[in-house]
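**Q** File model-v2.cif below, mmCIF, C-alpha atoms; chains and numbers go by the auth columns:
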data_target
#
loop_
_atom_site.group_PDB
_atom_site.id
_atom_site.type_symbol
_atom_site.label_atom_id
_atom_site.label_comp_id
_atom_site.label_asym_id
_atom_site.label_seq_id
_atom_site.Cartn_x
_atom_site.Cartn_y
_atom_site.Cartn_z
_atom_site.B_iso_or_equiv
_atom_site.auth_seq_id
_atom_site.auth_asym_id
ATOM 1 C CA MET A 1 -9.043 9.888 6.049 0.00 1 O
ATOM 2 C CA ILE A 2 -5.539 10.062 4.583 0.00 2 O
ATOM 3 C CA LEU A 3 -5.014 9.796 0.819 0.00 3 O
ATOM 4 C CA TYR A 4 -1.808 7.970 -0.096 0.00 4 O
ATOM 5 C CA PRO A 5 -0.643 8.588 -3.678 0.00 5 O
ATOM 6 C CA ALA A 6 1.044 5.427 -4.934 0.00 6 O
ATOM 7 C CA ILE A 7 4.308 4.885 -6.744 0.00 7 O
ATOM 8 C CA ASP A 8 4.682 1.314 -7.959 0.00 8 O
ATOM 9 C CA LEU A 9 8.263 0.529 -8.970 0.00 9 O
ATOM 10 C CA LYS A 10 9.241 -1.922 -11.707 0.00 10 O
ATOM 11 C CA ASP A 11 12.736 -1.929 -13.208 0.00 11 O
ATOM 12 C CA GLY A 12 13.342 1.514 -11.700 0.00 12 O
ATOM 13 C CA ASN A 13 10.288 3.090 -13.349 0.00 13 O
ATOM 14 C CA CYS A 14 6.885 4.260 -12.094 0.00 14 O
ATOM 15 C CA VAL A 15 4.320 1.798 -13.405 0.00 15 O
ATOM 16 C CA ARG A 16 0.799 0.544 -12.812 0.00 16 O
ATOM 17 C CA LEU A 17 -0.232 -3.062 -13.255 0.00 17 O
ATOM 18 C CA LEU A 18 -3.647 -4.363 -14.236 0.00 18 O
ATOM 19 C CA HIS A 19 -4.944 -6.956 -11.755 0.00 19 O
ATOM 20 C CA GLY A 20 -1.412 -7.326 -10.418 0.00 20 O
ATOM 21 C CA GLU A 21 -0.002 -8.938 -13.557 0.00 21 O
ATOM 22 C CA MET A 22 3.613 -7.960 -14.252 0.00 22 O
ATOM 23 C CA ASP A 23 3.222 -8.362 -18.020 0.00 23 O
ATOM 24 C CA LYS A 24 0.386 -5.820 -17.954 0.00 24 O
ATOM 25 C CA ALA A 25 2.475 -2.877 -16.763 0.00 25 O
ATOM 26 C CA THR A 26 2.011 0.662 -18.025 0.00 26 O
ATOM 27 C CA VAL A 27 5.038 2.923 -17.500 0.00 27 O
ATOM 28 C CA PHE A 28 4.002 6.361 -16.218 0.00 28 O
ATOM 29 C CA GLY A 29 7.437 7.803 -15.577 0.00 29 O
ATOM 30 C CA GLU A 30 11.146 7.063 -15.520 0.00 30 O
ATOM 31 C CA ASP A 31 11.957 9.322 -12.536 0.00 31 O
ATOM 32 C CA PRO A 32 10.124 8.056 -9.438 0.00 32 O
ATOM 33 C CA ALA A 33 11.769 10.659 -7.192 0.00 33 O
ATOM 34 C CA ALA A 34 10.446 13.475 -9.382 0.00 34 O
ATOM 35 C CA GLN A 35 6.984 11.909 -9.229 0.00 35 O
ATOM 36 C CA ALA A 36 7.166 11.724 -5.441 0.00 36 O
ATOM 37 C CA ALA A 37 8.189 15.393 -5.346 0.00 37 O
ATOM 38 C CA LYS A 38 5.131 16.286 -7.464 0.00 38 O
ATOM 39 C CA PHE A 39 2.867 14.450 -5.028 0.00 39 O
ATOM 40 C CA GLU A 40 4.490 16.271 -2.116 0.00 40 O
ATOM 41 C CA ALA A 41 4.101 19.641 -3.868 0.00 41 O
ATOM 42 C CA ALA A 42 0.388 18.881 -4.330 0.00 42 O
ATOM 43 C CA GLY A 43 0.077 18.618 -0.554 0.00 43 O
ATOM 44 C CA CYS A 44 0.005 14.899 0.229 0.00 44 O
ATOM 45 C CA GLU A 45 0.713 13.810 3.808 0.00 45 O
ATOM 46 C CA TRP A 46 2.171 10.399 2.893 0.00 46 O
ATOM 47 C CA VAL A 47 3.532 8.537 -0.131 0.00 47 O
ATOM 48 C CA HIS A 48 2.878 4.832 -0.710 0.00 48 O
ATOM 49 C CA LEU A 49 5.649 2.862 -2.432 0.00 49 O
ATOM 50 C CA VAL A 50 5.674 -0.689 -3.794 0.00 50 O
ATOM 51 C CA ASP A 51 8.722 -2.604 -5.017 0.00 51 O
ATOM 52 C CA LEU A 52 6.941 -4.824 -7.537 0.00 52 O
ATOM 53 C CA ASN A 53 10.063 -6.724 -8.607 0.00 53 O
ATOM 54 C CA GLY A 54 10.865 -7.195 -4.924 0.00 54 O
ATOM 55 C CA ALA A 55 7.471 -8.726 -4.240 0.00 55 O
ATOM 56 C CA PHE A 56 8.239 -11.490 -6.749 0.00 56 O
ATOM 57 C CA ALA A 57 11.934 -11.825 -5.877 0.00 57 O
ATOM 58 C CA GLY A 58 11.353 -11.923 -2.120 0.00 58 O
ATOM 59 C CA ALA A 59 14.032 -9.273 -1.548 0.00 59 O
ATOM 60 C CA PRO A 60 14.421 -5.565 -2.383 0.00 60 O
ATOM 61 C CA VAL A 61 15.106 -4.917 -6.079 0.00 61 O
ATOM 62 C CA ASN A 62 14.224 -1.243 -6.598 0.00 62 O
ATOM 63 C CA GLY A 63 16.272 -0.046 -3.617 0.00 63 O
ATOM 64 C CA ALA A 64 18.058 2.720 -5.528 0.00 64 O
ATOM 65 C CA ALA A 65 14.744 4.224 -6.677 0.00 65 O
ATOM 66 C CA VAL A 66 13.319 4.089 -3.155 0.00 66 O
ATOM 67 C CA GLU A 67 16.410 5.731 -1.671 0.00 67 O
ATOM 68 C CA ALA A 68 16.225 8.484 -4.308 0.00 68 O
ATOM 69 C CA ILE A 69 12.605 9.130 -3.314 0.00 69 O
ATOM 70 C CA LEU A 70 13.470 9.262 0.383 0.00 70 O
ATOM 71 C CA ALA A 71 16.255 11.740 -0.349 0.00 71 O
ATOM 72 C CA ARG A 72 13.894 13.974 -2.338 0.00 72 O
ATOM 73 C CA ILE A 73 10.812 14.290 -0.112 0.00 73 O
ATOM 74 C CA LYS A 74 10.105 15.331 3.466 0.00 74 O
ATOM 75 C CA VAL A 75 6.681 13.690 3.906 0.00 75 O
ATOM 76 C CA PRO A 76 6.693 10.152 5.332 0.00 76 O
ATOM 77 C CA ALA A 77 6.742 7.167 2.985 0.00 77 O
ATOM 78 C CA GLN A 78 5.650 3.555 3.440 0.00 78 O
ATOM 79 C CA LEU A 79 7.016 0.671 1.373 0.00 79 O
ATOM 80 C CA GLY A 80 5.898 -2.851 0.571 0.00 80 O
ATOM 81 C CA GLY A 81 7.323 -5.566 -1.656 0.00 81 O
ATOM 82 C CA GLY A 82 10.032 -8.087 -0.850 0.00 82 O
ATOM 83 C CA ILE A 83 10.396 -7.200 2.833 0.00 83 O
ATOM 84 C CA ARG A 84 10.588 -10.633 4.431 0.00 84 O
ATOM 85 C CA ASP A 85 13.202 -10.568 7.200 0.00 85 O
ATOM 86 C CA MET A 86 14.241 -8.459 10.162 0.00 86 O
ATOM 87 C CA ALA A 87 17.478 -7.286 8.543 0.00 87 O
ATOM 88 C CA THR A 88 15.569 -5.791 5.590 0.00 88 O
ATOM 89 C CA ILE A 89 13.057 -4.136 7.925 0.00 89 O
ATOM 90 C CA GLU A 90 15.842 -2.605 10.018 0.00 90 O
ATOM 91 C CA SER A 91 17.723 -1.493 6.911 0.00 91 O
ATOM 92 C CA TRP A 92 14.764 0.331 5.390 0.00 92 O
ATOM 93 C CA LEU A 93 13.740 2.060 8.592 0.00 93 O
ATOM 94 C CA SER A 94 17.329 3.179 9.185 0.00 94 O
ATOM 95 C CA LYS A 95 17.320 4.778 5.706 0.00 95 O
ATOM 96 C CA GLY A 96 14.426 7.031 6.600 0.00 96 O
ATOM 97 C CA LEU A 97 11.395 5.001 5.594 0.00 97 O
ATOM 98 C CA ALA A 98 8.530 5.790 7.970 0.00 98 O
ATOM 99 C CA ARG A 99 6.749 2.444 7.668 0.00 99 O
ATOM 100 C CA VAL A 100 7.344 -0.990 6.185 0.00 100 O
ATOM 101 C CA ILE A 101 4.498 -3.107 4.843 0.00 101 O
ATOM 102 C CA LEU A 102 4.717 -6.845 5.448 0.00 102 O
ATOM 103 C CA GLY A 103 2.570 -8.953 3.133 0.00 103 O
ATOM 104 C CA THR A 104 3.712 -12.466 2.260 0.00 104 O
ATOM 105 C CA VAL A 105 5.463 -12.946 5.613 0.00 105 O
ATOM 106 C CA ALA A 106 2.266 -12.050 7.441 0.00 106 O
ATOM 107 C CA VAL A 107 0.934 -15.376 6.162 0.00 107 O
ATOM 108 C CA GLU A 108 4.128 -17.427 6.122 0.00 108 O
ATOM 109 C CA ASN A 109 5.870 -16.067 9.222 0.00 109 O
ATOM 110 C CA PRO A 110 3.446 -14.135 11.452 0.00 110 O
ATOM 111 C CA ALA A 111 5.959 -14.271 14.302 0.00 111 O
ATOM 112 C CA LEU A 112 8.185 -11.898 12.301 0.00 112 O
ATOM 113 C CA VAL A 113 5.340 -9.371 12.088 0.00 113 O
ATOM 114 C CA ARG A 114 4.914 -9.518 15.854 0.00 114 O
ATOM 115 C CA GLU A 115 8.644 -9.212 16.481 0.00 115 O
ATOM 116 C CA ALA A 116 8.977 -6.255 14.103 0.00 116 O
ATOM 117 C CA ALA A 117 5.898 -4.445 15.421 0.00 117 O
ATOM 118 C CA LYS A 118 7.266 -4.761 18.950 0.00 118 O
ATOM 119 C CA ALA A 119 10.754 -3.587 17.941 0.00 119 O
ATOM 120 C CA PHE A 120 9.501 -0.686 15.800 0.00 120 O
ATOM 121 C CA PRO A 121 6.218 0.640 17.246 0.00 121 O
ATOM 122 C CA GLY A 122 4.090 2.481 14.717 0.00 122 O
ATOM 123 C CA GLN A 123 6.380 1.570 11.828 0.00 123 O
ATOM 124 C CA VAL A 124 5.074 -1.821 10.738 0.00 124 O
ATOM 125 C CA ALA A 125 1.930 -2.342 8.668 0.00 125 O
ATOM 126 C CA VAL A 126 0.415 -5.557 7.311 0.00 126 O
ATOM 127 C CA GLY A 127 -0.498 -5.729 3.634 0.00 127 O
ATOM 128 C CA ILE A 128 -3.405 -8.055 2.921 0.00 128 O
ATOM 129 C CA ASP A 129 -4.039 -8.684 -0.767 0.00 129 O
ATOM 130 C CA ALA A 130 -7.127 -10.672 -1.646 0.00 130 O
ATOM 131 C CA ARG A 131 -9.071 -12.349 -4.410 0.00 131 O
ATOM 132 C CA GLY A 132 -12.604 -13.303 -3.464 0.00 132 O
ATOM 133 C CA GLY A 133 -11.961 -12.791 0.235 0.00 133 O
ATOM 134 C CA LYS A 134 -8.910 -15.087 0.283 0.00 134 O
ATOM 135 C CA VAL A 135 -5.343 -13.884 0.789 0.00 135 O
ATOM 136 C CA ALA A 136 -2.826 -13.964 -2.087 0.00 136 O
ATOM 137 C CA THR A 137 0.940 -13.854 -1.538 0.00 137 O
ATOM 138 C CA LYS A 138 4.263 -13.536 -3.419 0.00 138 O
ATOM 139 C CA GLY A 139 3.266 -10.561 -5.527 0.00 139 O
ATOM 140 C CA TRP A 140 -0.284 -11.967 -5.831 0.00 140 O
ATOM 141 C CA ALA A 141 1.085 -14.967 -7.729 0.00 141 O
ATOM 142 C CA GLU A 142 -0.016 -17.527 -5.112 0.00 142 O
ATOM 143 C CA GLU A 143 -3.451 -17.874 -3.574 0.00 143 O
ATOM 144 C CA THR A 144 -3.992 -19.271 -0.096 0.00 144 O
ATOM 145 C CA ASP A 145 -6.984 -20.618 1.807 0.00 145 O
ATOM 146 C CA VAL A 146 -6.532 -17.938 4.472 0.00 146 O
ATOM 147 C CA MET A 147 -9.513 -15.608 4.858 0.00 147 O
ATOM 148 C CA VAL A 148 -8.803 -11.869 4.991 0.00 148 O
ATOM 149 C CA THR A 149 -10.670 -11.225 8.234 0.00 149 O
ATOM 150 C CA ASP A 150 -9.046 -14.178 9.993 0.00 150 O
ATOM 151 C CA LEU A 151 -5.565 -12.953 9.087 0.00 151 O
ATOM 152 C CA ALA A 152 -6.325 -9.379 10.133 0.00 152 O
ATOM 153 C CA GLN A 153 -7.814 -10.425 13.448 0.00 153 O
ATOM 154 C CA SER A 154 -4.792 -12.597 14.212 0.00 154 O
ATOM 155 C CA PHE A 155 -2.717 -9.398 14.524 0.00 155 O
ATOM 156 C CA GLU A 156 -5.130 -7.524 16.797 0.00 156 O
ATOM 157 C CA ASP A 157 -2.766 -7.732 19.774 0.00 157 O
ATOM 158 C CA ALA A 158 0.489 -7.374 17.795 0.00 158 O
ATOM 159 C CA GLY A 159 0.700 -3.590 17.713 0.00 159 O
ATOM 160 C CA VAL A 160 0.730 -3.177 13.915 0.00 160 O
ATOM 161 C CA ALA A 161 0.196 0.396 12.735 0.00 161 O
ATOM 162 C CA ALA A 162 -2.235 -0.338 9.905 0.00 162 O
ATOM 163 C CA ILE A 163 -3.664 -2.928 7.553 0.00 163 O
ATOM 164 C CA ILE A 164 -3.473 -2.154 3.854 0.00 164 O
ATOM 165 C CA TYR A 165 -6.268 -4.098 2.199 0.00 165 O
ATOM 166 C CA THR A 166 -6.078 -4.549 -1.571 0.00 166 O
ATOM 167 C CA ASP A 167 -8.795 -6.106 -3.702 0.00 167 O
ATOM 168 C CA ILE A 168 -6.642 -7.495 -6.520 0.00 168 O
ATOM 169 C CA MET A 169 -9.417 -7.632 -9.096 0.00 169 O
ATOM 170 C CA ARG A 170 -10.047 -3.902 -8.642 0.00 170 O
ATOM 171 C CA ASP A 171 -6.378 -2.895 -8.730 0.00 171 O
ATOM 172 C CA GLY A 172 -5.430 -0.769 -11.723 0.00 172 O
ATOM 173 C CA ALA A 173 -8.812 -1.444 -13.323 0.00 173 O
ATOM 174 C CA MET A 174 -10.344 1.996 -12.553 0.00 174 O
ATOM 175 C CA THR A 175 -13.597 0.291 -11.562 0.00 175 O
ATOM 176 C CA GLY A 176 -13.896 1.671 -8.040 0.00 176 O
ATOM 177 C CA PRO A 177 -12.797 0.151 -4.735 0.00 177 O
ATOM 178 C CA ASN A 178 -14.502 -2.726 -2.950 0.00 178 O
ATOM 179 C CA ILE A 179 -16.086 -0.439 -0.355 0.00 179 O
ATOM 180 C CA GLU A 180 -18.311 -3.125 1.141 0.00 180 O
ATOM 181 C CA ALA A 181 -15.464 -5.581 1.824 0.00 181 O
ATOM 182 C CA THR A 182 -13.110 -2.851 3.057 0.00 182 O
ATOM 183 C CA GLU A 183 -15.697 -1.428 5.426 0.00 183 O
ATOM 184 C CA ALA A 184 -16.529 -4.920 6.734 0.00 184 O
ATOM 185 C CA LEU A 185 -12.843 -5.523 7.453 0.00 185 O
ATOM 186 C CA ALA A 186 -12.460 -2.141 9.154 0.00 186 O
ATOM 187 C CA ARG A 187 -15.422 -2.931 11.401 0.00 187 O
ATOM 188 C CA ALA A 188 -14.017 -6.395 12.212 0.00 188 O
ATOM 189 C CA VAL A 189 -10.705 -5.124 13.622 0.00 189 O
ATOM 190 C CA SER A 190 -9.487 -2.261 15.789 0.00 190 O
ATOM 191 C CA ILE A 191 -6.379 -1.777 13.603 0.00 191 O
ATOM 192 C CA PRO A 192 -6.679 1.167 11.157 0.00 192 O
ATOM 193 C CA VAL A 193 -7.550 -0.102 7.656 0.00 193 O
ATOM 194 C CA ILE A 194 -6.301 1.555 4.464 0.00 194 O
ATOM 195 C CA ALA A 195 -8.184 0.810 1.230 0.00 195 O
ATOM 196 C CA SER A 196 -6.298 -0.048 -1.949 0.00 196 O
ATOM 197 C CA GLY A 197 -7.308 -1.183 -5.412 0.00 197 O
ATOM 198 C CA GLY A 198 -9.632 0.630 -7.813 0.00 198 O
ATOM 199 C CA VAL A 199 -9.744 4.005 -6.046 0.00 199 O
ATOM 200 C CA SER A 200 -10.285 6.038 -9.203 0.00 200 O
ATOM 201 C CA SER A 201 -12.471 9.080 -8.551 0.00 201 O
ATOM 202 C CA LEU A 202 -13.418 11.714 -6.010 0.00 202 O
ATOM 203 C CA PRO A 203 -16.767 9.977 -5.325 0.00 203 O
ATOM 204 C CA ASP A 204 -14.797 6.781 -4.519 0.00 204 O
ATOM 205 C CA LEU A 205 -12.783 8.665 -1.898 0.00 205 O
ATOM 206 C CA ILE A 206 -15.834 10.358 -0.417 0.00 206 O
ATOM 207 C CA ALA A 207 -17.671 7.015 -0.211 0.00 207 O
ATOM 208 C CA LEU A 208 -14.719 5.421 1.607 0.00 208 O
ATOM 209 C CA ARG A 209 -14.442 8.373 3.983 0.00 209 O
ATOM 210 C CA ASP A 210 -18.170 8.403 4.672 0.00 210 O
ATOM 211 C CA THR A 211 -18.088 4.846 6.026 0.00 211 O
ATOM 212 C CA GLY A 212 -16.589 6.520 9.083 0.00 212 O
ATOM 213 C CA VAL A 213 -14.291 3.560 9.748 0.00 213 O
ATOM 214 C CA ILE A 214 -11.725 3.521 6.906 0.00 214 O
ATOM 215 C CA ALA A 215 -8.498 5.290 7.892 0.00 215 O
ATOM 216 C CA GLY A 216 -6.945 5.847 4.473 0.00 216 O
ATOM 217 C CA ALA A 217 -7.052 5.192 0.754 0.00 217 O
ATOM 218 C CA ILE A 218 -4.313 4.506 -1.799 0.00 218 O
ATOM 219 C CA SER A 219 -4.647 5.680 -5.387 0.00 219 O
ATOM 220 C CA GLY A 220 -2.238 5.313 -8.276 0.00 220 O
ATOM 221 C CA ARG A 221 -3.459 4.966 -11.849 0.00 221 O
ATOM 222 C CA ALA A 222 -6.241 7.553 -11.434 0.00 222 O
ATOM 223 C CA LEU A 223 -3.695 10.179 -10.409 0.00 223 O
ATOM 224 C CA TYR A 224 -1.491 9.420 -13.427 0.00 224 O
ATOM 225 C CA ASP A 225 -4.402 9.241 -15.867 0.00 225 O
ATOM 226 C CA GLY A 226 -5.842 12.507 -14.566 0.00 226 O
ATOM 227 C CA ALA A 227 -9.122 10.925 -13.476 0.00 227 O
ATOM 228 C CA LEU A 228 -8.340 12.130 -9.956 0.00 228 O
ATOM 229 C CA ASP A 229 -6.762 15.508 -9.200 0.00 229 O
ATOM 230 C CA LEU A 230 -4.602 15.126 -6.094 0.00 230 O
ATOM 231 C CA THR A 231 -4.860 18.730 -4.881 0.00 231 O
ATOM 232 C CA GLN A 232 -8.635 18.742 -5.352 0.00 232 O
ATOM 233 C CA ALA A 233 -8.990 15.340 -3.665 0.00 233 O
ATOM 234 C CA LEU A 234 -6.920 16.381 -0.647 0.00 234 O
ATOM 235 C CA ALA A 235 -8.991 19.558 -0.271 0.00 235 O
ATOM 236 C CA ALA A 236 -12.259 17.617 -0.533 0.00 236 O
ATOM 237 C CA LEU A 237 -11.182 15.132 2.147 0.00 237 O
ATOM 238 C CA LYS A 238 -10.337 17.995 4.507 0.00 238 O
ATOM 239 C CA ALA A 239 -13.666 19.768 3.898 0.00 239 O
#
What does the file become when written as structure tokens?
**A**
Amino acid sequence: MILYPAIDLKDGNCVRLLHGEMDKATVFGEDPAAQAAKFEAAGCEWVHLVDLNGAFAGAPVNGAAVEAILARIKVPAQLGGGIRDMATIESWLSKGLARVILGTVAVENPALVREAAKAFPGQVAVGIDARGGKVATKGWAEETDVMVTDLAQSFEDAGVAAIIYTDIMRDGAMTGPNIEATEALARAVSIPVIASGGVSSLPDLIALRDTGVIAGAISGRALYDGALDLTQALAALKA
């Protein structure tokens, strides 16, 4: 199972939100590229990036910070937030991003996901953010009646590289991930599922890994707070 350290970008800074609310942001650093370099030095295989402003704006906002990160690290990076058309997808991938994450458009324009996954094999993931099993869009600001499993299964034949499943009520709360729901989703689809939201300790990571079906886990606040040591966590997952 791959551990993805997360860098959430708001106004050019590294932040973490509580329950996805922009007015509940804690700034953890003003140099995202330096933070990415620290994660790389600790031995991570991937870095997970989110353009929080972009998710609300519907277009990239923290582009300069993302480009600085890409220039600084050699490990692959994936990015979500405000990526809602083919031109933006093409632009990011041409700048060295390894994978784009499509969230809101997966609900509003699933044909774009299919088109992008076909055009860029292995480089398009679907981000599914949920409250109570239902998908939320536009930076989690809008809730839909779409069920998580239904949305995930609709992309089974599309060739997407991964599904990043976030339980919004666990995100940034340090209360542990929703292992039961994530495992159920991973068993319901053949697409690799990456867990996000609430991953805050080594036991959390081990529990996710031990399901045998979850491909990855994203952690942010716990790494910044020191509740999770990245080097130790990476070593434990390899053991």
**Q** Find the residues of segment 84-124 of chain O that sit at most 12 Å from segment 187-197 of chain O; for each, write down the nearest two atoms and how far apart they are in Å, to one decimal. Count all atoms listed in the file. Sort by chain, then by number going up, and give it as CSV.
**A**
residue,atom,partner,partner_atom,distance
O:Ile101,CA,O:Ile194,CA,11.8
O:Gly122,CA,O:Ile191,CA,11.4
O:Val124,CA,O:Ile191,CA,11.8
**Q** Which protein, DNA or RNA residues have an atom at most 12 Å from (-13.4, 4.9, 8.8), counting all atoms listed in the file? List them as an MDAnalysis selection string.
**A** chainID O and resid 1:2 179 182:195 205:217
**Q** Using all atoms listed in the file, which of the listed residues (O:Leu18, O:Ala233, O:Leu97, O:Val199) sits closest to Ser219 of chain O?
**A**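 Using all atoms listed in the file, the shortest distance to Ser219 of chain O belongs to O:Val199.
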**Q** Restricting the calculation to all atoms listed in the file, which member of O:Ala136, O:Ala64, O:Leu230, O:Ala141 is positioned closest to Lys38 of chain O?
**A**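 That would be O:Leu230, the residue with the smallest distance to Lys38 of chain O.
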**Q** Neighbours of Gln123 of chain O within 8 Å (only C-alpha atoms; same-chain residues fewer than 5 positions away dropped), as a VMD selection string?
**A** chain O and resid 98 to 100 117 160 to 161
**Q** For this file, the PyMOL selection byres ((chain O and resi 79-91) around 8) selects which residues, as a tab-separated table (two decimals) with C-alpha atoms, in the frame of the given file?
**A**
chain	number	residue	atom	x	y	z
O	48	HIS	CA	2.88	4.83	-0.71
O	49	LEU	CA	5.65	2.86	-2.43
O	50	VAL	CA	5.67	-0.69	-3.79
O	51	ASP	CA	8.72	-2.60	-5.02
O	52	LEU	CA	6.94	-4.82	-7.54
O	53	ASN	CA	10.06	-6.72	-8.61
O	54	GLY	CA	10.86	-7.20	-4.92
O	55	ALA	CA	7.47	-8.73	-4.24
O	56	PHE	CA	8.24	-11.49	-6.75
O	57	ALA	CA	11.93	-11.82	-5.88
O	58	GLY	CA	11.35	-11.92	-2.12
O	59	ALA	CA	14.03	-9.27	-1.55
O	60	PRO	CA	14.42	-5.56	-2.38
O	61	VAL	CA	15.11	-4.92	-6.08
O	77	ALA	CA	6.74	7.17	2.98
O	78	GLN	CA	5.65	3.56	3.44
O	92	TRP	CA	14.76	0.33	5.39
O	93	LEU	CA	13.74	2.06	8.59
O	94	SER	CA	17.33	3.18	9.18
O	95	LYS	CA	17.32	4.78	5.71
O	97	LEU	CA	11.40	5.00	5.59
O	99	ARG	CA	6.75	2.44	7.67
O	100	VAL	CA	7.34	-0.99	6.18
O	101	ILE	CA	4.50	-3.11	4.84
O	102	LEU	CA	4.72	-6.84	5.45
O	103	GLY	CA	2.57	-8.95	3.13
O	104	THR	CA	3.71	-12.47	2.26
O	105	VAL	CA	5.46	-12.95	5.61
O	112	LEU	CA	8.18	-11.90	12.30
O	116	ALA	CA	8.98	-6.26	14.10
O	127	GLY	CA	-0.50	-5.73	3.63
O	139	GLY	CA	3.27	-10.56	-5.53
**Q** Quick one: residues within 12 Å of Gln232 of chain O, all atoms listed in the file, excluding same-chain residues fewer than 4 positions away - as a CSV table (one decimal) with C-alpha atoms, in the frame of the given file?
**A**
chain,number,residue,atom,x,y,z
O,3,LEU,CA,-5.0,9.8,0.8
O,42,ALA,CA,0.4,18.9,-4.3
O,43,GLY,CA,0.1,18.6,-0.6
O,44,CYS,CA,0.0,14.9,0.2
O,201,SER,CA,-12.5,9.1,-8.6
O,202,LEU,CA,-13.4,11.7,-6.0
O,203,PRO,CA,-16.8,10.0,-5.3
O,205,LEU,CA,-12.8,8.7,-1.9
O,223,LEU,CA,-3.7,10.2,-10.4
O,226,GLY,CA,-5.8,12.5,-14.6
O,227,ALA,CA,-9.1,10.9,-13.5
O,228,LEU,CA,-8.3,12.1,-10.0
O,236,ALA,CA,-12.3,17.6,-0.5
O,237,LEU,CA,-11.2,15.1,2.1
O,238,LYS,CA,-10.3,18.0,4.5
O,239,ALA,CA,-13.7,19.8,3.9
**Q** Under the rule that all atoms listed in the file are counted, which of O:Thr175, O:Ala125, O:Tyr224, O:Leu234 is the nearest residue to Val27 of chain O?
**A**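 Once distances to Val27 of chain O are computed over all atoms listed in the file, the minimum belongs to O:Tyr224.
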**Q** Can you work out which one of O:Leu9, O:Ala181, O:Ala119, O:Ile69 has the shortest atom-to-atom distance to Gly96 of chain O, counting all atoms listed in the file?
**A** O:Ile69
**Q** Please measure the separation of atom CA of Asp145 of chain O and atom CA of Glu108 of chain O, giving the value in Å to one decimal.
**A**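 Spanning atom CA of Asp145 of chain O to atom CA of Glu108 of chain O is a straight-line distance of 12.3 Å.
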**Q** Provide the atom CA of Leu151 of chain O to atom CA of Met169 of chain O distance in Å, to one decimal place.
**A** 19.3 Å
**Q** Please expand the PyMOL selection byres ((chain O and resi 37) around 10) into the concrete residues it hits in this file, giving the result as an mmCIF file with C-alpha atoms, in the coordinates of the input.
**A**
data_model
loop_
_atom_site.group_PDB
_atom_site.id
_atom_site.type_symbol
_atom_site.label_atom_id
_atom_site.label_comp_id
_atom_site.auth_asym_id
_atom_site.auth_seq_id
_atom_site.Cartn_x
_atom_site.Cartn_y
_atom_site.Cartn_z
ATOM 1 C CA PRO O 32 10.124 8.056 -9.438
ATOM 2 C CA ALA O 33 11.769 10.659 -7.192
ATOM 3 C CA ALA O 34 10.446 13.475 -9.382
ATOM 4 C CA GLN O 35 6.984 11.909 -9.229
ATOM 5 C CA ALA O 36 7.166 11.724 -5.441
ATOM 6 C CA LYS O 38 5.131 16.286 -7.464
ATOM 7 C CA PHE O 39 2.867 14.450 -5.028
ATOM 8 C CA GLU O 40 4.490 16.271 -2.116
ATOM 9 C CA ALA O 41 4.101 19.641 -3.868
ATOM 10 C CA ALA O 42 0.388 18.881 -4.330
ATOM 11 C CA GLY O 43 0.077 18.618 -0.554
ATOM 12 C CA CYS O 44 0.005 14.899 0.229
ATOM 13 C CA VAL O 47 3.532 8.537 -0.131
ATOM 14 C CA ILE O 69 12.605 9.130 -3.314
ATOM 15 C CA LEU O 70 13.470 9.262 0.383
ATOM 16 C CA ARG O 72 13.894 13.974 -2.338
ATOM 17 C CA ILE O 73 10.812 14.290 -0.112
ATOM 18 C CA LYS O 74 10.105 15.331 3.466
ATOM 19 C CA VAL O 75 6.681 13.690 3.906
#
**Q** For the atom pair atom CA of Gly159 of chain O and atom CA of Arg114 of chain O, what is the interatomic distance in Å to one decimal place?
**A**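 Interatomic distance, atom CA of Gly159 of chain O to atom CA of Arg114 of chain O: 7.5 Å.
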**Q** Name the residues captured by the PyMOL selection byres ((chain O and resi 132) around 12) when it is applied to the shown file; answer as a PyMOL selection string.
**A** chain O and resi 129-131+133-136+143-148+166-170+178+181
**Q** If I only have part of segment 69-76 of chain O, can you fill in N, CA and C atoms and write it as a short mmCIF file (atom, residue, chain, number, x, y, z; two decimals), in the frame of the given file?
**A**
data_model
loop_
_atom_site.label_atom_id
_atom_site.label_comp_id
_atom_site.auth_asym_id
_atom_site.auth_seq_id
_atom_site.Cartn_x
_atom_site.Cartn_y
_atom_site.Cartn_z
N ILE O 69 13.86 8.51 -3.75
CA ILE O 69 12.60 9.13 -3.31
C ILE O 69 12.75 9.66 -1.89
N LEU O 70 13.31 8.85 -1.01
CA LEU O 70 13.47 9.26 0.38
C LEU O 70 14.37 10.49 0.51
N ALA O 71 15.34 10.60 -0.37
CA ALA O 71 16.26 11.74 -0.35
C ALA O 71 15.58 13.01 -0.87
N ARG O 72 14.53 12.84 -1.64
CA ARG O 72 13.89 13.97 -2.34
C ARG O 72 12.73 14.59 -1.56
N ILE O 73 12.03 13.79 -0.76
CA ILE O 73 10.81 14.29 -0.11
C ILE O 73 10.96 14.36 1.41
N LYS O 74 10.11 15.18 2.00
CA LYS O 74 10.10 15.33 3.47
C LYS O 74 8.91 14.63 4.11
N VAL O 75 7.84 14.39 3.34
CA VAL O 75 6.68 13.69 3.91
C VAL O 75 7.04 12.22 4.12
N PRO O 76 6.39 11.57 5.08
CA PRO O 76 6.69 10.15 5.33
C PRO O 76 6.29 9.25 4.17
#
